[in-house]
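File shown: start05.txt (compact mmCIF, C-alpha atoms).
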# COMPACT_ATOMS: atom_id res chain seq x y z
CA MET A 1 -37.59 -36.00 7.58
CA ALA A 2 -39.15 -37.97 10.39
CA GLY A 3 -35.89 -39.54 11.55
CA VAL A 4 -34.21 -36.18 12.16
CA SER A 5 -37.19 -34.86 14.04
CA THR A 6 -37.27 -37.85 16.45
CA LYS A 7 -33.60 -37.26 17.17
CA ASP A 8 -34.25 -33.57 17.76
CA ILE A 9 -37.08 -34.36 20.11
CA LYS A 10 -34.94 -36.89 21.96
CA ASN A 11 -32.24 -34.28 22.46
CA ARG A 12 -34.72 -31.78 23.74
CA ILE A 13 -36.17 -34.31 26.17
CA ARG A 14 -32.71 -35.04 27.47
CA SER A 15 -31.92 -31.37 27.98
CA MET A 16 -35.28 -30.81 29.67
CA GLU A 17 -34.54 -33.67 31.99
CA SER A 18 -31.21 -32.23 33.10
CA THR A 19 -32.84 -28.83 33.65
CA LYS A 20 -35.47 -30.54 35.74
CA GLN A 21 -32.81 -32.20 37.84
CA ILE A 22 -31.16 -28.87 38.52
CA THR A 23 -34.34 -27.07 39.47
CA LYS A 24 -35.38 -30.02 41.61
CA ALA A 25 -32.05 -29.92 43.45
CA MET A 26 -32.29 -26.16 43.91
CA GLU A 27 -35.78 -26.54 45.27
CA MET A 28 -34.61 -29.08 47.81
CA VAL A 29 -31.68 -26.91 48.91
CA ALA A 30 -33.97 -23.89 49.24
CA ALA A 31 -36.47 -25.95 51.23
CA SER A 32 -33.87 -26.99 53.78
CA LYS A 33 -32.46 -23.47 54.03
CA LEU A 34 -35.99 -22.17 54.38
CA ARG A 35 -36.56 -24.37 57.38
CA GLN A 36 -33.49 -22.95 59.13
CA ALA A 37 -34.40 -19.39 58.21
CA GLN A 38 -37.95 -19.91 59.40
CA ASN A 39 -36.73 -21.07 62.78
CA ARG A 40 -34.59 -17.97 63.06
CA VAL A 41 -37.49 -15.71 62.09
CA THR A 42 -39.81 -17.24 64.66
CA ALA A 43 -37.09 -16.84 67.28
CA SER A 44 -36.33 -13.24 66.44
CA ARG A 45 -39.87 -12.06 65.81
CA PRO A 46 -40.78 -11.34 69.45
CA TYR A 47 -37.58 -9.32 69.78
CA PHE A 48 -38.38 -7.40 66.64
CA GLU A 49 -41.93 -6.68 67.75
CA ILE A 50 -41.06 -5.73 71.32
CA LEU A 51 -38.27 -3.43 70.14
CA TYR A 52 -40.61 -1.69 67.77
CA GLN A 53 -43.30 -1.48 70.45
CA THR A 54 -40.84 -0.10 72.99
CA ILE A 55 -39.50 2.55 70.64
CA SER A 56 -43.00 3.74 69.85
CA ASP A 57 -43.89 3.66 73.59
CA ILE A 58 -40.90 5.81 74.34
CA THR A 59 -41.64 8.31 71.63
CA ARG A 60 -45.27 8.38 72.71
CA THR A 61 -44.62 9.00 76.39
CA THR A 62 -41.58 11.20 76.23
CA ARG A 63 -41.93 14.88 76.97
CA ASP A 64 -38.51 15.70 75.79
CA LEU A 65 -39.07 16.34 72.12
CA SER A 66 -35.78 18.09 71.70
CA SER A 67 -33.96 14.83 71.00
CA PRO A 68 -32.30 15.09 67.60
CA TYR A 69 -33.73 11.68 66.75
CA LEU A 70 -37.26 13.07 66.94
CA LYS A 71 -36.71 16.42 65.31
CA LYS A 72 -38.02 17.34 61.92
CA PRO A 73 -35.15 16.89 59.51
CA GLN A 74 -33.29 19.87 58.09
CA SER A 75 -31.95 18.06 55.07
CA ASP A 76 -34.16 16.58 52.39
CA LYS A 77 -31.81 13.74 51.55
CA LEU A 78 -33.10 10.22 51.85
CA LEU A 79 -31.02 7.22 52.80
CA LEU A 80 -32.58 4.00 51.64
CA ILE A 81 -31.38 0.74 53.09
CA VAL A 82 -32.32 -1.99 50.63
CA ILE A 83 -32.12 -5.65 51.58
CA ALA A 84 -32.14 -7.96 48.56
CA GLY A 85 -30.68 -11.39 47.85
CA ASP A 86 -27.23 -12.51 46.77
CA ARG A 87 -28.44 -14.73 43.95
CA GLY A 88 -31.12 -14.72 41.31
CA LEU A 89 -33.53 -17.49 40.37
CA ALA A 90 -35.81 -16.60 43.22
CA GLY A 91 -38.92 -15.64 41.29
CA GLY A 92 -39.93 -12.05 41.83
CA TYR A 93 -38.04 -11.65 45.11
CA ASN A 94 -35.25 -9.32 44.02
CA GLY A 95 -37.37 -7.57 41.39
CA ASN A 96 -40.14 -6.70 43.83
CA VAL A 97 -37.81 -5.26 46.45
CA LEU A 98 -35.91 -3.19 43.89
CA LYS A 99 -39.13 -1.97 42.26
CA LEU A 100 -40.39 -0.75 45.62
CA SER A 101 -37.13 1.04 46.36
CA VAL A 102 -37.22 2.79 42.99
CA GLN A 103 -40.75 3.94 43.82
CA GLN A 104 -39.51 5.32 47.13
CA MET A 105 -36.62 7.10 45.46
CA GLU A 106 -38.74 8.86 42.87
CA GLY A 107 -38.22 12.61 42.82
CA ARG A 108 -35.94 12.59 45.85
CA ASP A 109 -32.27 13.09 46.41
CA THR A 110 -31.39 9.58 47.45
CA THR A 111 -28.39 7.64 48.62
CA VAL A 112 -28.73 3.90 49.03
CA LEU A 113 -27.14 1.41 51.38
CA PRO A 114 -27.53 -1.83 49.47
CA ILE A 115 -27.37 -5.15 51.30
CA GLY A 116 -27.07 -8.23 49.09
CA LYS A 117 -25.23 -8.68 45.80
CA LYS A 118 -28.28 -8.14 43.62
CA ALA A 119 -29.03 -4.78 45.22
CA VAL A 120 -25.39 -3.65 44.92
CA GLU A 121 -25.27 -4.59 41.24
CA TYR A 122 -28.59 -2.96 40.46
CA PHE A 123 -27.76 0.38 42.03
CA ARG A 124 -24.29 0.38 40.60
CA SER A 125 -25.60 -0.09 37.06
CA HIS A 126 -28.23 2.62 37.62
CA LYS A 127 -25.58 5.02 38.94
CA VAL A 128 -27.31 5.67 42.25
CA PRO A 129 -24.88 7.01 44.89
CA CYS A 130 -24.05 4.44 47.56
CA HIS A 131 -23.44 5.12 51.25
CA THR A 132 -21.24 2.03 51.38
CA GLU A 133 -20.97 -1.15 49.36
CA ALA A 134 -19.31 -3.06 52.16
CA TYR A 135 -22.36 -5.22 52.84
CA SER A 136 -22.71 -6.97 49.52
CA GLU A 137 -23.23 -10.44 51.00
CA ALA A 138 -26.61 -10.59 52.69
CA ALA A 139 -26.01 -14.20 53.71
CA ASP A 140 -22.81 -13.37 55.61
CA LEU A 141 -24.17 -10.46 57.58
CA SER A 142 -24.00 -11.07 61.32
CA ILE A 143 -25.83 -9.35 64.10
CA SER A 144 -22.76 -7.31 65.01
CA ASP A 145 -22.64 -6.04 61.40
CA CYS A 146 -26.22 -4.89 61.85
CA PHE A 147 -25.25 -2.96 64.98
CA THR A 148 -22.30 -1.40 63.17
CA ILE A 149 -24.56 -0.29 60.31
CA ALA A 150 -27.09 1.11 62.77
CA LYS A 151 -24.40 3.06 64.61
CA ASN A 152 -23.04 4.43 61.34
CA ILE A 153 -26.38 5.55 59.99
CA SER A 154 -27.48 7.16 63.25
CA LYS A 155 -24.20 9.05 63.34
CA ALA A 156 -24.72 10.18 59.74
CA PHE A 157 -28.28 11.17 60.61
CA LEU A 158 -27.19 13.21 63.61
CA ALA A 159 -24.51 14.88 61.52
CA GLY A 160 -27.25 16.04 59.17
CA GLU A 161 -26.05 14.03 56.19
CA TYR A 162 -29.50 12.57 55.72
CA GLY A 163 -32.90 13.92 56.58
CA GLU A 164 -34.68 10.60 56.50
CA ILE A 165 -33.69 6.97 56.71
CA LYS A 166 -35.93 4.24 55.40
CA LEU A 167 -35.58 0.51 55.17
CA VAL A 168 -36.86 -1.60 52.29
CA TYR A 169 -37.06 -5.31 52.96
CA THR A 170 -39.31 -8.28 52.28
CA ASN A 171 -41.82 -9.46 54.82
CA PHE A 172 -42.12 -13.21 55.17
CA VAL A 173 -45.87 -13.64 55.45
CA SER A 174 -46.01 -17.33 54.68
CA VAL A 175 -44.22 -19.89 52.56
CA LEU A 176 -46.37 -18.87 49.63
CA SER A 177 -46.52 -15.13 50.15
CA GLN A 178 -43.71 -12.62 50.61
CA VAL A 179 -44.50 -8.95 50.55
CA PRO A 180 -41.92 -6.19 50.09
CA ALA A 181 -42.30 -3.48 52.71
CA VAL A 182 -40.96 -0.04 53.64
CA MET A 183 -40.22 0.93 57.20
CA GLY A 184 -39.24 4.39 58.36
CA MET A 185 -36.25 4.23 60.71
CA LEU A 186 -35.27 7.82 61.42
CA PRO A 187 -36.54 10.29 62.44
CA LEU A 188 -38.76 8.42 64.85
CA ASN A 189 -42.43 9.02 64.24
CA VAL A 190 -43.94 11.31 66.79
CA PRO A 191 -47.65 10.64 67.12
CA LYS A 192 -50.00 13.53 66.61
CA GLU A 193 -51.98 13.40 69.87
CA THR A 194 -49.98 15.96 71.82
CA GLU A 195 -52.80 16.85 74.22
CA SER A 196 -53.21 13.43 75.69
CA ARG A 197 -49.55 13.25 76.58
CA SER A 198 -50.04 15.19 79.81
CA THR A 199 -52.52 12.58 81.02
CA LYS A 200 -50.00 9.77 80.54
CA MET A 201 -47.95 8.55 83.42
CA ASP A 202 -44.56 10.05 83.92
CA THR A 203 -41.59 8.05 82.87
CA VAL A 204 -38.25 8.22 84.55
CA TYR A 205 -35.22 8.14 82.32
CA GLU A 206 -32.07 6.94 83.96
CA PRO A 207 -29.64 8.80 83.87
CA SER A 208 -31.31 11.30 81.51
CA ALA A 209 -33.66 11.11 78.56
CA GLU A 210 -30.99 12.37 76.24
CA GLU A 211 -28.41 9.79 77.25
CA VAL A 212 -30.94 6.98 77.21
CA PHE A 213 -32.00 7.96 73.72
CA ALA A 214 -28.42 8.21 72.54
CA ALA A 215 -27.62 4.74 73.91
CA ILE A 216 -30.83 2.96 73.04
CA ILE A 217 -31.77 4.17 69.60
CA PRO A 218 -28.77 2.87 67.64
CA GLU A 219 -29.22 -0.45 69.44
CA CYS A 220 -32.88 -0.61 68.60
CA LEU A 221 -32.21 0.25 64.98
CA GLY A 222 -29.61 -2.49 64.87
CA GLY A 223 -32.12 -4.94 66.26
CA ILE A 224 -34.76 -3.85 63.79
CA LEU A 225 -32.29 -4.15 60.95
CA TYR A 226 -31.38 -7.66 62.05
CA GLY A 227 -35.03 -8.61 62.26
CA ALA A 228 -35.68 -7.27 58.77
CA LEU A 229 -32.65 -9.15 57.51
CA CYS A 230 -33.94 -12.43 58.97
CA GLU A 231 -37.35 -11.83 57.38
CA SER A 232 -35.76 -11.05 54.02
CA ARG A 233 -33.51 -14.09 54.05
CA CYS A 234 -36.43 -16.31 54.88
CA ALA A 235 -38.56 -14.70 52.17
CA GLU A 236 -35.77 -15.23 49.65
CA GLN A 237 -35.59 -18.95 50.33
CA ALA A 238 -39.36 -19.25 50.23
CA ALA A 239 -39.52 -17.38 46.92
CA ARG A 240 -36.77 -19.55 45.46
CA ARG A 241 -38.45 -22.71 46.60
CA THR A 242 -41.75 -21.71 44.98
CA ALA A 243 -40.05 -20.58 41.78
CA MET A 244 -38.04 -23.78 41.50
CA ASP A 245 -41.07 -25.88 42.31
CA SER A 246 -43.01 -24.36 39.41
CA ALA A 247 -39.96 -24.64 37.14
CA THR A 248 -39.76 -28.35 37.92
CA GLN A 249 -43.46 -28.73 37.20
CA ASN A 250 -43.11 -26.89 33.91
CA ALA A 251 -40.20 -29.13 32.96
CA GLU A 252 -42.28 -32.19 33.76
CA GLU A 253 -45.13 -30.90 31.63
CA MET A 254 -42.82 -30.20 28.74
CA ILE A 255 -41.23 -33.61 29.01
CA ALA A 256 -44.65 -35.27 28.92
CA ASP A 257 -45.57 -33.18 25.90
CA LEU A 258 -42.32 -33.96 24.11
CA THR A 259 -42.56 -37.66 24.89
CA LEU A 260 -45.98 -37.72 23.28
CA LYS A 261 -44.62 -35.92 20.24
CA PHE A 262 -41.67 -38.27 20.12
CA ASN A 263 -43.92 -41.35 20.16
CA ARG A 264 -46.11 -39.89 17.45
CA ALA A 265 -43.12 -39.09 15.27
CA ARG A 266 -41.73 -42.58 15.80
CA GLN A 267 -45.10 -44.13 14.96
CA ALA A 268 -45.34 -41.97 11.84
CA SER A 269 -41.88 -43.03 10.66
CA ILE A 270 -42.72 -46.71 11.21
CA THR A 271 -45.98 -46.34 9.31
CA GLN A 272 -44.18 -44.62 6.49
CA GLU A 273 -41.55 -47.34 6.32
CA ILE A 274 -44.23 -50.06 6.14
CA THR A 275 -46.07 -48.16 3.43
CA GLU A 276 -42.84 -47.88 1.45
CA ILE A 277 -42.06 -51.58 1.83
CA VAL A 278 -45.60 -52.58 0.84
CA ALA A 279 -45.50 -50.23 -2.11
CA GLY A 280 -42.11 -51.66 -3.15
CA ALA A 281 -43.39 -55.28 -2.89
CA GLU A 282 -46.49 -54.49 -4.94
CA ALA A 283 -44.52 -52.85 -7.69
CA MET B 1 -44.00 -14.06 99.39
CA ALA B 2 -43.22 -10.80 97.71
CA THR B 3 -45.62 -9.42 95.12
CA SER B 4 -44.67 -10.32 91.61
CA PHE B 5 -44.70 -8.41 88.37
CA SER B 6 -44.81 -9.57 84.78
CA LEU B 7 -41.43 -9.72 83.13
CA LYS B 8 -40.36 -10.37 79.58
CA ILE B 9 -36.78 -10.93 78.55
CA VAL B 10 -36.24 -10.94 74.80
CA THR B 11 -33.09 -11.06 72.74
CA CYS B 12 -32.71 -11.57 69.04
CA ASP B 13 -32.30 -15.29 69.76
CA GLY B 14 -35.84 -15.41 71.02
CA LEU B 15 -37.97 -15.05 74.11
CA ILE B 16 -35.81 -16.04 77.07
CA PHE B 17 -38.21 -15.42 79.89
CA ASP B 18 -41.89 -14.60 79.97
CA GLY B 19 -43.68 -14.79 83.28
CA GLN B 20 -43.94 -13.51 86.82
CA ALA B 21 -40.89 -12.38 88.77
CA GLU B 22 -40.41 -10.89 92.22
CA LYS B 23 -37.16 -9.07 91.75
CA LEU B 24 -34.83 -8.18 88.94
CA ILE B 25 -31.43 -6.63 89.39
CA VAL B 26 -29.60 -5.38 86.32
CA ARG B 27 -26.49 -3.37 85.70
CA THR B 28 -27.54 -0.17 83.95
CA SER B 29 -25.10 2.21 82.35
CA THR B 30 -24.96 4.13 85.62
CA GLY B 31 -24.89 1.24 88.07
CA ASP B 32 -26.93 -1.61 89.50
CA MET B 33 -30.66 -1.16 89.67
CA ALA B 34 -33.27 -3.38 91.27
CA VAL B 35 -36.80 -3.59 89.98
CA LEU B 36 -39.59 -4.70 92.28
CA ALA B 37 -43.33 -4.82 91.70
CA ARG B 38 -45.10 -1.48 91.21
CA HIS B 39 -41.96 0.23 89.99
CA ILE B 40 -42.46 3.67 88.48
CA ASN B 41 -42.44 3.84 84.69
CA CYS B 42 -38.91 4.10 83.52
CA VAL B 43 -36.55 3.49 80.65
CA CYS B 44 -32.85 2.95 81.06
CA SER B 45 -29.98 1.73 78.99
CA LEU B 46 -28.07 -1.30 80.17
CA GLY B 47 -24.36 -1.59 80.68
CA MET B 48 -22.43 -4.83 80.94
CA GLY B 49 -22.83 -6.89 84.03
CA ARG B 50 -24.56 -9.50 86.07
CA ALA B 51 -28.31 -9.70 86.14
CA ILE B 52 -30.13 -11.42 88.99
CA LEU B 53 -33.66 -12.66 88.66
CA GLU B 54 -35.79 -13.92 91.54
CA THR B 55 -38.85 -15.97 90.78
CA ASN B 56 -40.76 -18.05 93.34
CA GLY B 57 -37.93 -17.52 95.79
CA GLU B 58 -35.50 -19.00 93.30
CA ARG B 59 -32.49 -16.95 92.33
CA LYS B 60 -30.87 -17.08 88.91
CA THR B 61 -27.94 -15.11 87.61
CA ALA B 62 -27.02 -14.24 84.07
CA ALA B 63 -24.58 -12.21 82.04
CA CYS B 64 -26.54 -9.35 80.54
CA ILE B 65 -24.86 -7.05 78.06
CA GLY B 66 -26.20 -3.94 76.34
CA GLY B 67 -29.74 -3.08 75.38
CA MET B 68 -32.41 -1.55 77.54
CA LEU B 69 -34.93 -1.98 80.32
CA GLN B 70 -38.42 -0.60 80.17
CA VAL B 71 -41.07 -0.45 82.86
CA LEU B 72 -44.46 0.60 81.57
CA ASN B 73 -47.61 0.41 83.69
CA GLY B 74 -46.15 -2.33 85.84
CA ASP B 75 -44.95 -4.52 82.99
CA VAL B 76 -41.22 -4.94 82.77
CA THR B 77 -39.46 -5.59 79.48
CA LEU B 78 -35.77 -6.32 79.36
CA VAL B 79 -34.32 -6.15 75.85
CA PRO B 80 -30.60 -6.92 76.13
CA THR B 81 -28.25 -7.39 73.22
CA THR B 82 -27.00 -10.63 74.73
CA PHE B 83 -28.31 -12.48 77.73
CA GLU B 84 -26.93 -15.79 78.95
CA TRP B 85 -27.90 -17.68 82.07
CA ALA B 86 -24.86 -18.39 84.20
CA GLU B 87 -25.05 -22.12 83.53
CA ASP B 88 -25.20 -21.59 79.76
CA ILE B 89 -22.07 -19.49 79.49
CA ASP B 90 -19.33 -20.97 77.35
CA VAL B 91 -16.40 -20.39 79.71
CA ALA B 92 -13.80 -21.70 77.29
CA ARG B 93 -14.97 -19.24 74.64
CA ALA B 94 -14.94 -16.36 77.11
CA ASP B 95 -11.42 -17.34 78.19
CA ALA B 96 -10.26 -17.40 74.58
CA ALA B 97 -11.88 -14.02 73.89
CA TYR B 98 -10.20 -12.64 77.01
CA GLU B 99 -6.77 -13.88 75.91
CA ASN B 100 -7.24 -12.54 72.37
CA ALA B 101 -8.34 -9.13 73.54
CA GLN B 102 -5.41 -8.95 75.97
CA LYS B 103 -3.04 -9.82 73.15
CA VAL B 104 -4.45 -7.10 70.91
CA LEU B 105 -4.19 -4.55 73.69
CA ASN B 106 -0.66 -5.53 74.64
CA ALA B 107 0.63 -5.99 71.10
CA SER B 108 1.53 -2.45 70.14
CA ASP B 109 0.38 1.11 70.63
CA ASN B 110 0.25 2.32 67.03
CA LYS B 111 -3.22 1.00 66.37
CA ASP B 112 -6.18 3.16 65.58
CA ASN B 113 -8.79 3.92 68.17
CA LEU B 114 -11.43 1.64 66.72
CA VAL B 115 -9.35 -1.51 67.14
CA ILE B 116 -8.51 -0.63 70.73
CA MET B 117 -12.11 0.23 71.54
CA LYS B 118 -13.32 -3.05 70.08
CA ALA B 119 -10.69 -5.03 71.98
CA LYS B 120 -11.59 -3.26 75.22
CA ALA B 121 -15.28 -3.98 74.70
CA LYS B 122 -14.45 -7.64 74.02
CA LEU B 123 -12.29 -7.77 77.13
CA ASN B 124 -15.10 -6.36 79.24
CA ARG B 125 -17.64 -8.77 77.84
CA ALA B 126 -15.32 -11.70 78.45
CA LEU B 127 -14.70 -10.54 82.02
CA VAL B 128 -18.42 -10.24 82.72
CA ARG B 129 -19.06 -13.72 81.35
CA LYS B 130 -16.17 -15.21 83.27
CA SER B 131 -17.19 -13.62 86.55
CA VAL B 132 -20.85 -14.58 86.21
CA ALA B 133 -19.94 -18.16 85.26
CA GLY B 134 -17.33 -18.32 88.01
CA GLU B 135 -19.91 -17.45 90.61
CA ILE B 136 -21.86 -20.67 90.19
CA LEU B 137 -18.75 -22.79 90.14
CA ARG B 138 -17.70 -21.52 93.52
Full structure transcribed into structure tokens:
Amino acid sequence: MAGVSTKDIKNRIRSMESTKQITKAMEMVAASKLRQAQNRVTASRPYFEILYQTISDITRTTRDLSSPYLKKPQSDKLLLIVIAGDRGLAGGYNGNVLKLSVQQMEGRDTTVLPIGKKAVEYFRSHKVPCHTEAYSEAADLSISDCFTIAKNISKAFLAGEYGEIKLVYTNFVSVLSQVPAVMGMLPLNVPKETESRSTKMDTVYEPSAEEVFAAIIPECLGGILYGALCESRCAEQAARRTAMDSATQNAEEMIADLTLKFNRARQASITQEITEIVAGAEA
Amino acid sequence: MATSFSLKIVTCDGLIFDGQAEKLIVRTSTGDMAVLARHINCVCSLGMGRAILETNGERKTAACIGGMLQVLNGDVTLVPTTFEWAEDIDVARADAAYENAQKVLNASDNKDNLVIMKAKAKLNRALVRKSVAGEILR
């Protein structure tokens, strides 16, 4: 009957409207968080870049290749640090990062170090061994936590627990584009051009190359980890904002569609009523 | 005027200094080191201590903790973990951190090594900050 259907449509419109309000609010929250995160990314980016540059400069110019950080790994085990979000409803953000990590893990003996609730849950349900689950809140992670993680993983690397350490995070390219990325952390990449090294200028290590490496590398890794974390957090907010923006738009479209249907149904019921009355009067 | 060299100071809070400097003194893990123009290429790890920067004859001090210093082809890059100009140091916070660390160290002796190490590191950081900040007050 037409009356029931208009009521149904009305109910659906109402529920759509409340959904729209929620997504709209989430979008606004994400937008303001995004602004903060973006400021932090722009502040930390030079640090991130210079650290990376410096590490590669050091590995390029060093003659001391005996450092355990540079050596070819004995063990085949891979430690994957995965930075994902704490919450869902962020479009493809969590899915993309996790998909990339699964690709990296394929056919290898892997342990993960998940950062963020979504990553912890995912690896737990897939029964992947975890290095530690202590860092389940990506939003609460401070810079000193990053340094602690870096110290821990370099210790584990030196102890031979892992042969390779990689980091999976999301690069914040722009508000509209976030790309998941993999970065090798340890061992440090030694460039191929061994011949040209002798032509490079000598570098003095104070007090010794070994000690400098031992002191600097965990610090650098910590810095890199923090940078990646900032990028990921920013990417998460951007992804959520975009997802919620399109959800709001979809809700609006559906409401417009339903309103049209509602008006048609109402018109139809009025027409029917008139026809009935006229038919009754003529009889 | 002394010859200058290009210097960059970056921390995770952003680019702190980017420009020409005449002299930079930092506390490395083995002691104070001064960098002038045309320094040999070098890499060293930083300890905790006062850093002094001279630009255009002006002298600025800062608390510089952890990280590293790199000189490559005349360009100097200082990448500390924390770096605060003397006038920006939060003395009240450093004082509080100092008191807290003292309390932890004095409290009892049955604690594990990690707690004591952390407290000692905090104490040292607080002392560096206090002494660097104290210098400009004097």
| task | Tell me the residues of chain A close to chain B, meaning within 12 Å using all atoms listed in the file, as a ChimeraX atom specification. | result | /A:39-55,57-62,142-144,146-148,200-230
| request: Tell me which of A:Ala37, A:Leu89, A:Leu70, A:Leu80 sits closest to A:Leu188, counting only C-alpha atoms. | output: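 Using only C-alpha atoms, the shortest distance to A:Leu188 belongs to A:Leu70.
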| task | Go ahead and compute the interatomic distance for atom CA of A:Asp140 and atom CA of A:Ser101, in Å to one decimal. | result |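 Distance reported for this atom pair: 22.3 Å.
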| Distance query A:Ala159 at most 12 Å, all atoms listed in the file, self and fewer than 2 positions along chain excluded, as a list in words |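 Here the answer would be Pro68, Tyr69, Pro73, Gln74, Ser75, Asn152, Ile153, Ser154, Lys155, Ala156, Phe157, Glu161, Tyr162 and Gly163 of chain A.
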For the residues in that selection, give me C-alpha atoms as a short mmCIF file (atom, residue, chain, number, x, y, z; two decimals), in the coordinates of the input.
data_model
loop_
_atom_site.label_atom_id
_atom_site.label_comp_id
_atom_site.auth_asym_id
_atom_site.auth_seq_id
_atom_site.Cartn_x
_atom_site.Cartn_y
_atom_site.Cartn_z
CA PRO A 68 -32.30 15.09 67.60
CA TYR A 69 -33.73 11.68 66.75
CA PRO A 73 -35.15 16.89 59.51
CA GLN A 74 -33.29 19.87 58.09
CA SER A 75 -31.95 18.06 55.07
CA ASN A 152 -23.04 4.43 61.34
CA ILE A 153 -26.38 5.55 59.99
CA SER A 154 -27.48 7.16 63.25
CA LYS A 155 -24.20 9.05 63.34
CA ALA A 156 -24.72 10.18 59.74
CA PHE A 157 -28.28 11.17 60.61
CA GLU A 161 -26.05 14.03 56.19
CA TYR A 162 -29.50 12.57 55.72
CA GLY A 163 -32.90 13.92 56.58
#
| Which protein, DNA or RNA residues have an atom at most 6 Å from (-34.2, -4.4, 90.2), counting only C-alpha atoms? List them as a ChimeraX atom specification. | /B:23-25,33-36
| task | Record the distance separating atom CA of A:Gly184 and atom CA of A:Thr110, expressed in Å with one decimal. | result |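 Straight-line distance from atom CA of A:Gly184 to atom CA of A:Thr110 works out to 14.4 Å.
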| query | When you draw a straight line from atom CA of A:Pro114 to atom CA of A:Gly88, how long is it in Å? | reply |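 Between atom CA of A:Pro114 and atom CA of A:Gly88 the gap works out to 15.7 Å.
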| message | Here's a test: counting all atoms listed in the file, identify every protein, DNA and RNA residue with an atom at most 12 Å from (-6.3, -11.2, 69.2) in the file's coordinate frame, and state them as a PyMOL selection string. | response | chain B and resi 96-108+115-116+118-120+122-123
| field | Residue nearest B:Lys130 - candidates B:Ala37, B:Cys64, B:Val91, B:Met48, atoms counted: all atoms listed in the file | value |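 With all atoms listed in the file as the atom set, the closest residue is B:Val91.
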| note | Nearest to A:Asn11, restricted to all atoms listed in the file and choosing among A:Ile149, A:Ser269, A:Arg240, A:Thr259, comes out as A:Thr259
| request: Find the spatial neighbours of A:Ile13, counting all atoms listed in the file, within a cut-off of 12 Å - ignore same-chain residues fewer than 6 positions away - and output them as a list of chain:residue names. | output: A:Thr6, A:Lys7, A:Thr19, A:Lys20, A:Ala251, A:Glu252, A:Glu253, A:Met254, A:Ile255, A:Ala256, A:Asp257, A:Leu258, A:Thr259, A:Leu260, A:Lys261, A:Phe262
| Any idea what's packed within 10 Å of B:Asp88, counting only C-alpha atoms, ignoring anything in its chain fewer than 5 positions away? Could you give it as number ranges by chain? | B: 62-63, 83, 133
| Using all atoms listed in the file: which of A:Asn263, A:Gln104, A:Asn96, A:Asn171 has the shortest distance to A:Ile9 | A:Asn263
| query | Out of B:Thr61, B:Ser6, B:Asn56, B:Gln20, which residue has the shortest atom-to-atom distance to B:Ser131 when counting only C-alpha atoms? | reply | B:Thr61
